[in-house]
Every structure is written in C-alpha cells, then in structure tokens.
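Chemist: Data: data_29.cif, mmCIF, N, CA and C atoms.
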data_model
loop_
_atom_site.label_atom_id
_atom_site.label_comp_id
_atom_site.auth_asym_id
_atom_site.auth_seq_id
_atom_site.Cartn_x
_atom_site.Cartn_y
_atom_site.Cartn_z
N MET A 1 190.47 239.05 156.65
CA MET A 1 189.59 237.95 156.97
C MET A 1 189.39 237.84 158.48
N ALA A 2 188.24 237.36 158.85
CA ALA A 2 187.89 237.24 160.26
C ALA A 2 188.29 235.88 160.82
N GLU A 3 188.47 235.85 162.13
CA GLU A 3 188.61 234.60 162.86
C GLU A 3 187.22 234.25 163.36
N ILE A 4 186.66 233.15 162.88
CA ILE A 4 185.28 232.79 163.19
C ILE A 4 185.26 231.53 164.05
N GLY A 5 184.66 231.66 165.22
CA GLY A 5 184.49 230.52 166.11
C GLY A 5 183.04 230.07 166.09
N PHE A 6 182.84 228.79 165.84
CA PHE A 6 181.50 228.21 165.90
C PHE A 6 181.34 227.57 167.27
N TYR A 7 180.34 228.01 168.02
CA TYR A 7 180.13 227.59 169.40
C TYR A 7 178.89 226.71 169.48
N HIS A 8 179.15 225.41 169.64
CA HIS A 8 178.13 224.37 169.66
C HIS A 8 177.58 224.26 171.08
N LEU A 9 176.38 224.78 171.30
CA LEU A 9 175.76 224.78 172.62
C LEU A 9 175.12 223.42 172.88
N THR A 10 175.59 222.73 173.92
CA THR A 10 175.03 221.43 174.26
C THR A 10 174.55 221.37 175.70
N ARG A 11 174.97 222.33 176.53
CA ARG A 11 174.66 222.29 177.96
C ARG A 11 173.86 223.49 178.46
N THR A 12 173.88 224.58 177.72
CA THR A 12 173.19 225.79 178.16
C THR A 12 172.47 226.43 176.98
N THR A 13 171.69 227.44 177.29
CA THR A 13 171.04 228.24 176.25
C THR A 13 171.98 229.34 175.79
N THR A 14 171.62 229.97 174.72
CA THR A 14 172.39 231.12 174.23
C THR A 14 172.46 232.20 175.29
N ASP A 15 171.34 232.47 175.95
CA ASP A 15 171.30 233.53 176.97
C ASP A 15 172.24 233.23 178.13
N GLN A 16 172.49 231.96 178.41
CA GLN A 16 173.42 231.58 179.48
C GLN A 16 174.87 231.58 178.99
N ALA A 17 175.08 231.25 177.74
CA ALA A 17 176.44 231.18 177.19
C ALA A 17 177.01 232.55 176.83
N LEU A 18 176.17 233.48 176.44
CA LEU A 18 176.65 234.79 176.00
C LEU A 18 177.36 235.61 177.08
N PRO A 19 176.81 235.75 178.29
CA PRO A 19 177.44 236.66 179.26
C PRO A 19 178.93 236.42 179.53
N PRO A 20 179.38 235.18 179.76
CA PRO A 20 180.82 235.01 179.97
C PRO A 20 181.65 235.42 178.74
N LEU A 21 181.15 235.11 177.55
CA LEU A 21 181.86 235.51 176.33
C LEU A 21 181.90 237.03 176.18
N LEU A 22 180.80 237.67 176.51
CA LEU A 22 180.75 239.14 176.44
C LEU A 22 181.63 239.76 177.51
N GLY A 23 181.65 239.15 178.69
CA GLY A 23 182.52 239.64 179.76
C GLY A 23 183.98 239.62 179.33
N ARG A 24 184.39 238.53 178.68
CA ARG A 24 185.77 238.43 178.18
C ARG A 24 186.03 239.46 177.09
N THR A 25 185.02 239.70 176.27
CA THR A 25 185.15 240.71 175.21
C THR A 25 185.41 242.08 175.81
N LEU A 26 184.62 242.45 176.80
CA LEU A 26 184.80 243.75 177.45
C LEU A 26 186.14 243.81 178.20
N ALA A 27 186.54 242.71 178.84
CA ALA A 27 187.82 242.68 179.55
C ALA A 27 188.99 242.89 178.58
N ALA A 28 188.81 242.46 177.34
CA ALA A 28 189.83 242.65 176.30
C ALA A 28 189.74 244.04 175.67
N LYS A 29 188.90 244.88 176.23
CA LYS A 29 188.71 246.26 175.74
C LYS A 29 188.19 246.31 174.31
N GLN A 30 187.31 245.36 174.00
CA GLN A 30 186.70 245.28 172.67
C GLN A 30 185.22 245.63 172.76
N ARG A 31 184.67 246.00 171.62
CA ARG A 31 183.24 246.27 171.50
C ARG A 31 182.61 245.09 170.75
N ALA A 32 181.33 244.86 171.02
CA ALA A 32 180.63 243.74 170.39
C ALA A 32 179.31 244.20 169.81
N VAL A 33 178.89 243.51 168.77
CA VAL A 33 177.55 243.65 168.24
C VAL A 33 176.95 242.24 168.25
N ILE A 34 175.69 242.15 168.68
CA ILE A 34 174.99 240.87 168.72
C ILE A 34 173.84 240.96 167.73
N ARG A 35 173.86 240.11 166.72
CA ARG A 35 172.79 240.09 165.73
C ARG A 35 171.74 239.06 166.13
N CYS A 36 170.55 239.55 166.42
CA CYS A 36 169.43 238.73 166.88
C CYS A 36 168.47 238.44 165.73
N GLY A 37 167.65 237.39 165.91
CA GLY A 37 166.75 236.95 164.86
C GLY A 37 165.43 237.69 164.75
N SER A 38 165.06 238.45 165.79
CA SER A 38 163.77 239.16 165.74
C SER A 38 163.75 240.26 166.79
N ALA A 39 162.79 241.15 166.66
CA ALA A 39 162.63 242.22 167.64
C ALA A 39 162.28 241.64 169.01
N GLU A 40 161.47 240.60 169.03
CA GLU A 40 161.11 239.97 170.30
C GLU A 40 162.33 239.34 170.96
N ARG A 41 163.16 238.70 170.18
CA ARG A 41 164.38 238.08 170.71
C ARG A 41 165.33 239.14 171.23
N LEU A 42 165.44 240.25 170.51
CA LEU A 42 166.29 241.34 170.94
C LEU A 42 165.83 241.88 172.30
N ALA A 43 164.53 242.08 172.45
CA ALA A 43 163.98 242.60 173.71
C ALA A 43 164.23 241.61 174.86
N ALA A 44 164.08 240.33 174.60
CA ALA A 44 164.31 239.32 175.63
C ALA A 44 165.79 239.28 176.02
N LEU A 45 166.68 239.37 175.04
CA LEU A 45 168.11 239.35 175.33
C LEU A 45 168.52 240.62 176.08
N ASP A 46 167.94 241.74 175.72
CA ASP A 46 168.20 243.00 176.42
C ASP A 46 167.91 242.83 177.92
N SER A 47 166.75 242.28 178.25
CA SER A 47 166.39 242.05 179.65
C SER A 47 167.33 241.04 180.31
N ALA A 48 167.63 239.97 179.61
CA ALA A 48 168.51 238.93 180.18
C ALA A 48 169.89 239.48 180.50
N LEU A 49 170.43 240.33 179.64
CA LEU A 49 171.76 240.89 179.89
C LEU A 49 171.76 241.83 181.09
N TRP A 50 170.68 242.58 181.27
CA TRP A 50 170.61 243.48 182.44
C TRP A 50 170.49 242.68 183.73
N LEU A 51 169.86 241.52 183.68
CA LEU A 51 169.63 240.71 184.88
C LEU A 51 170.72 239.67 185.12
N CYS A 52 171.68 239.59 184.25
CA CYS A 52 172.74 238.58 184.33
C CYS A 52 173.55 238.74 185.63
N PRO A 53 173.73 237.64 186.39
CA PRO A 53 174.49 237.74 187.63
C PRO A 53 176.02 237.69 187.46
N ASP A 54 176.50 237.10 186.35
CA ASP A 54 177.94 236.96 186.20
C ASP A 54 178.34 236.97 184.73
N PRO A 55 178.97 238.02 184.25
CA PRO A 55 179.32 239.21 185.01
C PRO A 55 178.08 240.05 185.30
N ASP A 56 178.17 240.79 186.36
CA ASP A 56 176.98 241.52 186.80
C ASP A 56 176.79 242.86 186.08
N TRP A 57 177.69 243.22 185.20
CA TRP A 57 177.54 244.49 184.47
C TRP A 57 177.94 244.28 183.03
N LEU A 58 176.94 244.22 182.15
CA LEU A 58 177.17 244.12 180.71
C LEU A 58 176.48 245.30 180.04
N PRO A 59 177.14 246.46 180.04
CA PRO A 59 176.52 247.65 179.45
C PRO A 59 176.24 247.44 177.96
N HIS A 60 175.01 247.75 177.57
CA HIS A 60 174.62 247.51 176.18
C HIS A 60 173.47 248.43 175.79
N GLY A 61 173.21 248.47 174.51
CA GLY A 61 172.11 249.27 174.00
C GLY A 61 171.64 248.73 172.67
N SER A 62 170.63 249.40 172.14
CA SER A 62 170.03 249.02 170.86
C SER A 62 169.44 250.28 170.23
N ALA A 63 168.78 250.12 169.13
CA ALA A 63 168.14 251.28 168.49
C ALA A 63 167.14 251.93 169.43
N ALA A 64 166.54 251.16 170.31
CA ALA A 64 165.57 251.70 171.27
C ALA A 64 166.21 252.67 172.26
N THR A 65 167.46 252.42 172.61
CA THR A 65 168.15 253.30 173.56
C THR A 65 168.99 254.35 172.87
N GLY A 66 169.40 254.06 171.65
CA GLY A 66 170.17 255.02 170.86
C GLY A 66 171.62 255.17 171.31
N LYS A 67 172.27 256.19 170.79
CA LYS A 67 173.66 256.52 171.09
C LYS A 67 174.60 255.32 170.91
N PRO A 68 174.63 254.75 169.71
CA PRO A 68 175.42 253.53 169.50
C PRO A 68 176.91 253.69 169.79
N THR A 69 177.48 254.86 169.55
CA THR A 69 178.92 255.02 169.77
C THR A 69 179.28 254.96 171.25
N ARG A 70 178.29 255.10 172.12
CA ARG A 70 178.54 255.01 173.57
C ARG A 70 178.31 253.60 174.12
N GLN A 71 177.85 252.69 173.27
CA GLN A 71 177.47 251.35 173.72
C GLN A 71 178.57 250.34 173.41
N PRO A 72 179.17 249.73 174.43
CA PRO A 72 180.19 248.72 174.17
C PRO A 72 179.61 247.43 173.59
N ILE A 73 178.33 247.18 173.85
CA ILE A 73 177.64 246.02 173.27
C ILE A 73 176.37 246.55 172.61
N TRP A 74 176.18 246.21 171.34
CA TRP A 74 175.03 246.70 170.59
C TRP A 74 174.18 245.51 170.16
N LEU A 75 172.90 245.55 170.47
CA LEU A 75 171.95 244.52 170.07
C LEU A 75 171.19 244.99 168.84
N THR A 76 171.08 244.14 167.83
CA THR A 76 170.44 244.55 166.58
C THR A 76 169.88 243.35 165.82
N GLU A 77 168.94 243.63 164.97
CA GLU A 77 168.45 242.63 164.01
C GLU A 77 169.15 242.82 162.67
N ALA A 78 169.76 243.97 162.47
CA ALA A 78 170.35 244.33 161.18
C ALA A 78 171.81 243.88 161.10
N ASP A 79 172.32 243.83 159.89
CA ASP A 79 173.72 243.51 159.64
C ASP A 79 174.50 244.81 159.70
N GLU A 80 174.78 245.25 160.94
CA GLU A 80 175.37 246.57 161.16
C GLU A 80 176.25 246.53 162.40
N ALA A 81 177.10 247.54 162.52
CA ALA A 81 177.92 247.73 163.72
C ALA A 81 178.07 249.22 163.99
N PRO A 82 176.97 249.89 164.36
CA PRO A 82 177.04 251.34 164.56
C PRO A 82 177.88 251.75 165.77
N ASN A 83 178.25 250.79 166.62
CA ASN A 83 179.12 251.08 167.76
C ASN A 83 180.59 250.81 167.44
N GLU A 84 180.87 250.57 166.16
CA GLU A 84 182.23 250.33 165.67
C GLU A 84 182.85 249.07 166.29
N ALA A 85 182.02 248.07 166.54
CA ALA A 85 182.48 246.81 167.12
C ALA A 85 183.40 246.07 166.17
N ARG A 86 184.37 245.38 166.74
CA ARG A 86 185.27 244.51 165.99
C ARG A 86 184.94 243.04 166.24
N PHE A 87 184.02 242.79 167.21
CA PHE A 87 183.58 241.43 167.54
C PHE A 87 182.10 241.33 167.21
N LEU A 88 181.74 240.28 166.49
CA LEU A 88 180.35 240.04 166.09
C LEU A 88 179.88 238.73 166.71
N PHE A 89 178.71 238.77 167.34
CA PHE A 89 178.08 237.57 167.88
C PHE A 89 176.83 237.30 167.06
N LEU A 90 176.78 236.12 166.45
CA LEU A 90 175.63 235.71 165.66
C LEU A 90 174.84 234.69 166.47
N ILE A 91 173.57 234.97 166.70
CA ILE A 91 172.71 234.04 167.43
C ILE A 91 171.45 233.81 166.60
N ASP A 92 170.64 232.88 167.02
CA ASP A 92 169.35 232.62 166.35
C ASP A 92 169.51 232.22 164.89
N GLY A 93 170.66 231.64 164.52
CA GLY A 93 170.88 231.23 163.14
C GLY A 93 171.18 232.37 162.18
N MET A 94 171.49 233.53 162.73
CA MET A 94 171.76 234.69 161.86
C MET A 94 173.12 234.54 161.19
N SER A 95 173.28 235.25 160.08
CA SER A 95 174.54 235.29 159.36
C SER A 95 174.86 236.75 159.06
N SER A 96 175.97 236.99 158.41
CA SER A 96 176.37 238.35 158.06
C SER A 96 177.07 238.35 156.71
N ASP A 97 176.81 239.38 155.94
CA ASP A 97 177.51 239.56 154.67
C ASP A 97 178.78 240.38 154.87
N ARG A 98 179.05 240.76 156.14
CA ARG A 98 180.17 241.66 156.44
C ARG A 98 181.21 241.00 157.34
N LEU A 99 181.34 239.68 157.30
CA LEU A 99 182.25 238.97 158.19
C LEU A 99 183.68 239.51 158.14
N ALA A 100 184.15 239.84 156.96
CA ALA A 100 185.53 240.30 156.79
C ALA A 100 185.80 241.63 157.50
N GLU A 101 184.76 242.35 157.89
CA GLU A 101 184.94 243.63 158.58
C GLU A 101 185.22 243.47 160.07
N TYR A 102 185.12 242.25 160.58
CA TYR A 102 185.31 241.99 162.01
C TYR A 102 186.63 241.26 162.25
N ASP A 103 187.18 241.45 163.45
CA ASP A 103 188.35 240.68 163.85
C ASP A 103 187.94 239.28 164.28
N ARG A 104 186.86 239.22 165.07
CA ARG A 104 186.37 237.93 165.57
C ARG A 104 184.87 237.85 165.41
N VAL A 105 184.43 236.65 165.08
CA VAL A 105 183.00 236.36 164.95
C VAL A 105 182.72 235.13 165.80
N PHE A 106 181.65 235.20 166.59
CA PHE A 106 181.20 234.11 167.44
C PHE A 106 179.84 233.66 166.93
N ASP A 107 179.78 232.48 166.37
CA ASP A 107 178.53 231.93 165.83
C ASP A 107 178.03 230.89 166.83
N LEU A 108 177.02 231.25 167.62
CA LEU A 108 176.48 230.35 168.64
C LEU A 108 175.25 229.64 168.09
N PHE A 109 175.24 228.29 168.21
CA PHE A 109 174.09 227.54 167.70
C PHE A 109 173.72 226.41 168.65
N ASP A 110 172.45 226.06 168.65
CA ASP A 110 171.88 225.07 169.56
C ASP A 110 172.17 223.66 169.04
N GLY A 111 173.03 222.94 169.74
CA GLY A 111 173.39 221.59 169.34
C GLY A 111 172.30 220.56 169.53
N ASN A 112 171.22 220.93 170.21
CA ASN A 112 170.10 220.03 170.43
C ASN A 112 169.02 220.19 169.36
N ASP A 113 169.26 221.06 168.40
CA ASP A 113 168.30 221.35 167.33
C ASP A 113 168.97 220.98 166.00
N GLU A 114 168.53 219.89 165.39
CA GLU A 114 169.16 219.41 164.15
C GLU A 114 169.11 220.44 163.02
N THR A 115 168.04 221.22 162.97
CA THR A 115 167.94 222.27 161.95
C THR A 115 169.01 223.33 162.18
N ALA A 116 169.23 223.71 163.43
CA ALA A 116 170.26 224.70 163.76
C ALA A 116 171.65 224.16 163.45
N VAL A 117 171.89 222.89 163.73
CA VAL A 117 173.19 222.28 163.45
C VAL A 117 173.44 222.25 161.93
N ALA A 118 172.43 221.86 161.16
CA ALA A 118 172.57 221.82 159.71
C ALA A 118 172.84 223.22 159.14
N ALA A 119 172.15 224.22 159.67
CA ALA A 119 172.37 225.60 159.22
C ALA A 119 173.78 226.07 159.58
N ALA A 120 174.27 225.69 160.77
CA ALA A 120 175.63 226.07 161.18
C ALA A 120 176.65 225.42 160.24
N ARG A 121 176.40 224.20 159.83
CA ARG A 121 177.31 223.53 158.88
C ARG A 121 177.37 224.29 157.56
N GLN A 122 176.23 224.80 157.12
CA GLN A 122 176.20 225.60 155.88
C GLN A 122 176.97 226.90 156.06
N ARG A 123 176.82 227.56 157.23
CA ARG A 123 177.57 228.79 157.47
C ARG A 123 179.07 228.51 157.54
N TRP A 124 179.45 227.36 158.15
CA TRP A 124 180.85 226.94 158.21
C TRP A 124 181.41 226.80 156.79
N ALA A 125 180.70 226.08 155.94
CA ALA A 125 181.17 225.85 154.57
C ALA A 125 181.33 227.17 153.82
N ALA A 126 180.38 228.07 153.98
CA ALA A 126 180.46 229.37 153.29
C ALA A 126 181.64 230.19 153.81
N ALA A 127 181.85 230.19 155.13
CA ALA A 127 182.95 230.96 155.71
C ALA A 127 184.30 230.37 155.29
N LYS A 128 184.39 229.04 155.23
CA LYS A 128 185.62 228.38 154.80
C LYS A 128 185.92 228.73 153.35
N ALA A 129 184.89 228.66 152.50
CA ALA A 129 185.06 228.99 151.08
C ALA A 129 185.50 230.43 150.89
N ALA A 130 185.09 231.32 151.82
CA ALA A 130 185.46 232.73 151.72
C ALA A 130 186.87 233.00 152.26
N GLY A 131 187.51 231.98 152.85
CA GLY A 131 188.88 232.13 153.30
C GLY A 131 189.07 232.58 154.74
N HIS A 132 188.02 232.55 155.53
CA HIS A 132 188.13 232.94 156.94
C HIS A 132 188.85 231.85 157.74
N THR A 133 189.42 232.23 158.86
CA THR A 133 190.04 231.28 159.79
C THR A 133 188.94 230.76 160.70
N LEU A 134 188.77 229.43 160.75
CA LEU A 134 187.65 228.85 161.49
C LEU A 134 188.13 228.01 162.67
N SER A 135 187.30 228.01 163.72
CA SER A 135 187.51 227.10 164.84
C SER A 135 186.14 226.62 165.31
N TYR A 136 186.16 225.45 165.93
CA TYR A 136 184.92 224.83 166.40
C TYR A 136 185.06 224.56 167.89
N TRP A 137 184.11 225.06 168.66
CA TRP A 137 184.11 224.91 170.11
C TRP A 137 182.83 224.20 170.53
N GLN A 138 182.98 223.25 171.46
CA GLN A 138 181.81 222.54 171.97
C GLN A 138 181.79 222.67 173.49
N GLN A 139 180.59 222.84 174.03
CA GLN A 139 180.46 222.93 175.47
C GLN A 139 180.79 221.58 176.11
N ALA A 140 181.54 221.66 177.20
CA ALA A 140 181.89 220.47 177.98
C ALA A 140 181.48 220.74 179.43
N ALA A 141 181.73 219.79 180.27
CA ALA A 141 181.34 219.92 181.69
C ALA A 141 181.97 221.15 182.35
N ARG A 142 183.17 221.53 181.92
CA ARG A 142 183.87 222.63 182.56
C ARG A 142 184.21 223.73 181.56
N GLY A 143 183.29 224.13 180.75
CA GLY A 143 183.55 225.22 179.81
C GLY A 143 183.59 224.74 178.36
N TRP A 144 184.36 225.44 177.57
CA TRP A 144 184.44 225.18 176.13
C TRP A 144 185.66 224.34 175.81
N GLU A 145 185.48 223.39 174.89
CA GLU A 145 186.59 222.59 174.38
C GLU A 145 186.75 222.88 172.89
N LYS A 146 187.96 223.24 172.50
CA LYS A 146 188.24 223.47 171.09
C LYS A 146 188.43 222.12 170.42
N LYS A 147 187.64 221.88 169.38
CA LYS A 147 187.67 220.58 168.70
C LYS A 147 188.49 220.62 167.42
N LEU A 148 188.60 221.75 166.78
CA LEU A 148 189.38 221.87 165.54
C LEU A 148 190.34 223.03 165.65
#
How does the structure come out when it is put into structure tokens?
Modeler:
Amino acid sequence: MAEIGFYHLTRTTTDQALPPLLGRTLAAKQRAVIRCGSAERLAALDSALWLCPDPDWLPHGSAATGKPTRQPIWLTEADEAPNEARFLFLIDGMSSDRLAEYDRVFDLFDGNDETAVAAARQRWAAAKAAGHTLSYWQQAARGWEKKL
C-alpha cells in the first residue's frame, strides 16, 4: 500500500507548490511521475519546471522528449511510470488505478475551488477504503502543516 498525502493548496498554485516537493524528491534520490490533466497542461508545466528559480534544476521529460528511463521526473497524461518512479504526483484532479505500485503519492488540489475540494474528498474516501496510509497537509504562512 502507498503512503498518500493530500496537499490542500490555499496560498499558491500547483506550479508554485510542485518545485520544492520535487526538489525534496530528487534530494531523496527518488524518481517522480507527474500525472497532468491535459496535453496543454503538460506543456505548460514542462515550461514552468524549466524556468523554476528554486530549485533551479528539475531535470524532467515526457513522451515528447523520450528516453523515460533517463528522466528522474516524468510528465504524462497517462496512468504510467515509464521512468520507474516510486513517487507519484497527481495534479489537475487526476487519479490513478495503480496507487499501490508507488511508495508515496502526492495529491495536490486547489483549496479555493469547491469542485476540486469535493473531488479530493472522494479520492480520499476511495484511498482510505483501499487501505492506503493517508495524511492531509494544508498550506500555511511558513510551508505545509500536517493536519491528520
């Protein structure tokens, strides 16, 4: 079973919240896959990660760049991990049928969007029913606060 953290964004966008989490993932010598909601979103995130100032180096790729086994961070619309990632980042309300294949899952959702919050609650209930270990994190003035 996976350890799934639900990250309630209240102060920043997903594009601003992801880089520090990805930086910690790479520092822990882990690989990540980020499941995006659309091809347009994937392209925008690809650009945002290359331009990110902190950390200033988030090496990543996608089907457009190829060579998934060489990519520590893989961007995709599909429910896949061709880079053999053990960490999964779900954004844009995405879910996965393969949660148990990961060590850690980061489910980031927009706390200012009631539809996104309701959908995250449904994903929480499904993950709990499946027996995963869950935690809930909310953005605070100085980073993330674990609430559960």
Chemist: So what do you get for atom N of A:Ser135 versus atom C of A:Ser62, distance-wise?
Modeler: 29.3 Å
Chemist: Tell me, as an mmCIF file with N, CA and C atoms, in the coordinates of the input, which residues lie within 6 Å of stretch 104-112 of chain A, counting all atoms listed in the file; anything in the same chain fewer than 6 positions away does not count.
Modeler:
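Writing done, so here's selection11.cif:
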data_model
loop_
_atom_site.group_PDB
_atom_site.id
_atom_site.type_symbol
_atom_site.label_atom_id
_atom_site.label_comp_id
_atom_site.auth_asym_id
_atom_site.auth_seq_id
_atom_site.Cartn_x
_atom_site.Cartn_y
_atom_site.Cartn_z
ATOM 1 N N ALA A 2 188.240 237.360 158.850
ATOM 2 C CA ALA A 2 187.890 237.240 160.260
ATOM 3 C C ALA A 2 188.290 235.880 160.820
ATOM 4 N N GLU A 3 188.470 235.850 162.130
ATOM 5 C CA GLU A 3 188.610 234.600 162.860
ATOM 6 C C GLU A 3 187.220 234.250 163.360
ATOM 7 N N ILE A 4 186.660 233.150 162.880
ATOM 8 C CA ILE A 4 185.280 232.790 163.190
ATOM 9 C C ILE A 4 185.260 231.530 164.050
ATOM 10 N N GLY A 5 184.660 231.660 165.220
ATOM 11 C CA GLY A 5 184.490 230.520 166.110
ATOM 12 C C GLY A 5 183.040 230.070 166.090
ATOM 13 N N PHE A 6 182.840 228.790 165.840
ATOM 14 C CA PHE A 6 181.500 228.210 165.900
ATOM 15 C C PHE A 6 181.340 227.570 167.270
ATOM 16 N N TYR A 7 180.340 228.010 168.020
ATOM 17 C CA TYR A 7 180.130 227.590 169.400
ATOM 18 C C TYR A 7 178.890 226.710 169.480
ATOM 19 N N HIS A 8 179.150 225.410 169.640
ATOM 20 C CA HIS A 8 178.130 224.370 169.660
ATOM 21 C C HIS A 8 177.580 224.260 171.080
ATOM 22 N N LEU A 9 176.380 224.780 171.300
ATOM 23 C CA LEU A 9 175.760 224.780 172.620
ATOM 24 C C LEU A 9 175.120 223.420 172.880
ATOM 25 N N THR A 10 175.590 222.730 173.920
ATOM 26 C CA THR A 10 175.030 221.430 174.260
ATOM 27 C C THR A 10 174.550 221.370 175.700
ATOM 28 N N ARG A 86 184.370 245.380 166.740
ATOM 29 C CA ARG A 86 185.270 244.510 165.990
ATOM 30 C C ARG A 86 184.940 243.040 166.240
ATOM 31 N N PHE A 87 184.020 242.790 167.210
ATOM 32 C CA PHE A 87 183.580 241.430 167.540
ATOM 33 C C PHE A 87 182.100 241.330 167.210
ATOM 34 N N LEU A 88 181.740 240.280 166.490
ATOM 35 C CA LEU A 88 180.350 240.040 166.090
ATOM 36 C C LEU A 88 179.880 238.730 166.710
ATOM 37 N N PHE A 89 178.710 238.770 167.340
ATOM 38 C CA PHE A 89 178.080 237.570 167.880
ATOM 39 C C PHE A 89 176.830 237.300 167.060
ATOM 40 N N LEU A 90 176.780 236.120 166.450
ATOM 41 C CA LEU A 90 175.630 235.710 165.660
ATOM 42 C C LEU A 90 174.840 234.690 166.470
ATOM 43 N N ILE A 91 173.570 234.970 166.700
ATOM 44 C CA ILE A 91 172.710 234.040 167.430
ATOM 45 C C ILE A 91 171.450 233.810 166.600
ATOM 46 N N ASP A 92 170.640 232.880 167.020
ATOM 47 C CA ASP A 92 169.350 232.620 166.350
ATOM 48 C C ASP A 92 169.510 232.220 164.890
#
Chemist: Within stretch 3-148 of chain A, find each residue whose DSSP state, derived from the backbone, is strand (DSSP E or B), and express the selection as an MDAnalysis selection string.
Modeler: chainID A and resid 3:9 32:35 61 73:76 87:90 104:110 133:140 143:146
Chemist: Counting only C-alpha atoms, what is within 8 Å of stretch 113-125 of chain A, bar same-chain residues fewer than 5 positions away, as a ChimeraX atom specification?
Modeler: /A:6,93,95,134
Chemist: Need the shell around stretch 14-18 of chain A: protein/DNA/RNA residues with any atom at most 7 Å away, counting only C-alpha atoms. Skip same-chain ones fewer than 4 positions apart. Format as a PyMOL selection string?
Modeler: chain A and resi 22+45+48+108
Chemist: Around the point (175.5, 251.9, 175.1) (coordinates from the file), which residues reach within 6 Å if we count only N, CA and C atoms? Answer as a PyMOL selection string.
Modeler: chain A and resi 59-61+67-68+70-73
